[in-house]
Amino acid sequence: MNCDATRSQNKRLRFSAVFGIVHTFFSRPLAQSVEHMTFNHGVSGSSPERPTILIRDVMQKKITMVQETATIVNQLEMTGGYMRLTLQAPGVAGLARPGQFVHARVPGLEESVLRRPFSICDAGDGTLSILYKRVGVGTAQMATLPNGAEVDLIGPLGNGFPMPREGAQPVLVAGGYGVAPLYFLARKLSTTGHLFAGGKTSADILCAGEFERLGWTVHAATEDGSLGTRGYVTEALLPWLAGQPAAEVFACGPDGLLRALSQNVSQPLWVSLDKHMVCGVGACLACVQKIIQPDGSVAQMRVCHDGPVFAGRSVVWN
Ligand code: FES
């Protein structure tokens with residue numbers, strides 16, 4: 001996109017970008033959605049059926065997300081029905097930061113389902129990977145896709161994790177495949193730290209070997225005692241954390257875990273929320289969450305657009 005384009009060109013391109021996104025999610029354009037979107041201009045791509053849309057933040061003069069047709073490079077079956085999917089997606093991968101997610105349309109189900117959000121587990125060299133579990137029709141269909149199949153992606157979306165403050169000791173806390181964005185964070189940090197990973201059984205403890213190869217110390221906790229501490233991950237974490245005043249905690253997992261952390265962790269805490277999403281770009285309000293603002297008031301914020309990462313003690317748990 002040439003930033004010197006004329007005003008009329010910008011207007012046309014802005015319409016193209018917004019219409020493309022809204023049309024992608026819904027069968028008809030929604031005027032209300034357009035009003036909620038903050039994107040200022042963009043370009044439409046080569047194919048009229050599957051346009052590539054580049055959204056630029058005019059104030060920062062940079063691309064913030066793309067829509068692109070990604071190609072499956074590899075599907076790896078992990079333990080417990082979990083899958084790791086690697087996609088050739090140079091546009092999204094080149095922009096991705098830890099804690100952000102992609103919104104994917106599963107081929108073969110375009111007519112019956114909307115896009116699905118997946119945390120980015122890793123990105124680099126033109127590829128990105130996600131973790132998912134076969135739990136329904138969409139993810140079961142996804143698990144059957146062969147190498148070379150195409151997946152329509154929008155991303156990277158969301159705010160991502162902040163970097164740890166100067167001198168802080170990073171502590172990552174994962175429930176099940178909540179480990180995905182934390183692995184990306186660990187890969188990007190220049191320091192190592194501790195990962196606390198919890199699940200029902202040892203099959204829910206994912207990527208432990210990858211963390212150890214990065215030099216991280218892994219503490220596992222399983223409810224059945226098949227790996228690590230028997231019980232919830234908080235039972236392993238909280239006594240240990242009491243002696244770590246320099247810790248800064250980054251967490252992703254089920255609400256019960258994140259709520260327990262926000263009520264019991266005194267150190268700085270960041271939580272990545274998992275909410276039902278429809279549009280993924282802040283237009284439909286399907287993912288709102290009450291968040292305490294700096295002035296003490298409470299506001300409904302969009303997890304997809306304002307999050308998914310929030311300060312742990314700012315979340316109002318229902
Ligand atoms: Fe539509 Fe968040 S999913 S606003």
# chains A, B, ... in the order shown; residues from 1 in each chain; ligands from 1
>>> residues_near_ligand(ligand="ligand 1", cutoff="7 Å", atoms="only C-alpha atoms and all ligand atoms", output="ChimeraX atom specification")
/A:277-288,302-305
>>> residues_around(residues="range 259-273 of chain A", least_positions_apart="6", cutoff="6 Å", atoms="only C-alpha atoms", output="ChimeraX atom specification")
/A:248-252,308-313
>>> write_last_selection(atoms="C-alpha atoms", output="short mmCIF file (atom, residue, chain, number, x, y, z; two decimals), in the first residue's frame")
data_model
loop_
_atom_site.label_atom_id
_atom_site.label_comp_id
_atom_site.auth_asym_id
_atom_site.auth_seq_id
_atom_site.Cartn_x
_atom_site.Cartn_y
_atom_site.Cartn_z
CA GLU A 248 6.44 -12.12 36.93
CA VAL A 249 3.76 -14.63 36.01
CA PHE A 250 2.28 -15.27 32.56
CA ALA A 251 -0.61 -17.72 32.37
CA CYS A 252 -2.94 -19.35 29.85
CA PRO A 308 -6.71 -11.72 25.04
CA VAL A 309 -4.01 -10.78 27.57
CA PHE A 310 -5.06 -8.74 30.60
CA ALA A 311 -3.50 -7.93 33.96
CA GLY A 312 -4.62 -10.80 36.18
CA ARG A 313 -6.15 -8.70 38.92
#
>>> select_by_dssp(residues="range 177-313 of chain A", states="strand (DSSP E or B)", output="ChimeraX atom specification")
/A:194-199,217-222,229-230,247-252,269-272,288-292,298-302,309-311
>>> residues_around(residues="Leu182 in chain A", least_positions_apart="6", cutoff="10 Å", atoms="only C-alpha atoms", output="number ranges by chain")
A: 98-99, 119-122, 161, 171-174, 188, 195, 211, 250-252, 272
>>> write_last_selection(atoms="C-alpha atoms", output="PDB file, in the first residue's frame")
ATOM      1  CA  PRO A  98       3.689 -14.104  21.654  1.00  0.00           C
ATOM      2  CA  GLY A  99       0.142 -14.177  22.989  1.00  0.00           C
ATOM      3  CA  SER A 119      -3.194 -19.221  19.859  1.00  0.00           C
ATOM      4  CA  ILE A 120       0.067 -19.017  17.959  1.00  0.00           C
ATOM      5  CA  CYS A 121       2.450 -21.588  19.440  1.00  0.00           C
ATOM      6  CA  ASP A 122       5.465 -20.531  17.416  1.00  0.00           C
ATOM      7  CA  PHE A 161       1.913 -10.645  26.201  1.00  0.00           C
ATOM      8  CA  VAL A 171       7.250 -17.833  35.395  1.00  0.00           C
ATOM      9  CA  LEU A 172       4.856 -19.402  32.902  1.00  0.00           C
ATOM     10  CA  VAL A 173       1.734 -21.271  34.034  1.00  0.00           C
ATOM     11  CA  ALA A 174      -0.174 -23.462  31.576  1.00  0.00           C
ATOM     12  CA  LYS A 188      11.250 -14.937  22.281  1.00  0.00           C
ATOM     13  CA  LEU A 195       7.196 -23.422  33.423  1.00  0.00           C
ATOM     14  CA  PHE A 211      10.871 -25.998  27.033  1.00  0.00           C
ATOM     15  CA  PHE A 250       2.276 -15.271  32.559  1.00  0.00           C
ATOM     16  CA  ALA A 251      -0.613 -17.724  32.366  1.00  0.00           C
ATOM     17  CA  CYS A 252      -2.941 -19.348  29.850  1.00  0.00           C
ATOM     18  CA  SER A 272      -4.579 -14.871  28.447  1.00  0.00           C
TER      19      SER A 272
END
>>> residues_around(residues="range 212-221 of chain A", least_positions_apart="6", cutoff="7 Å", atoms="only C-alpha atoms", output="MDAnalysis selection string")
chainID A and resid 192:199 227:233 236
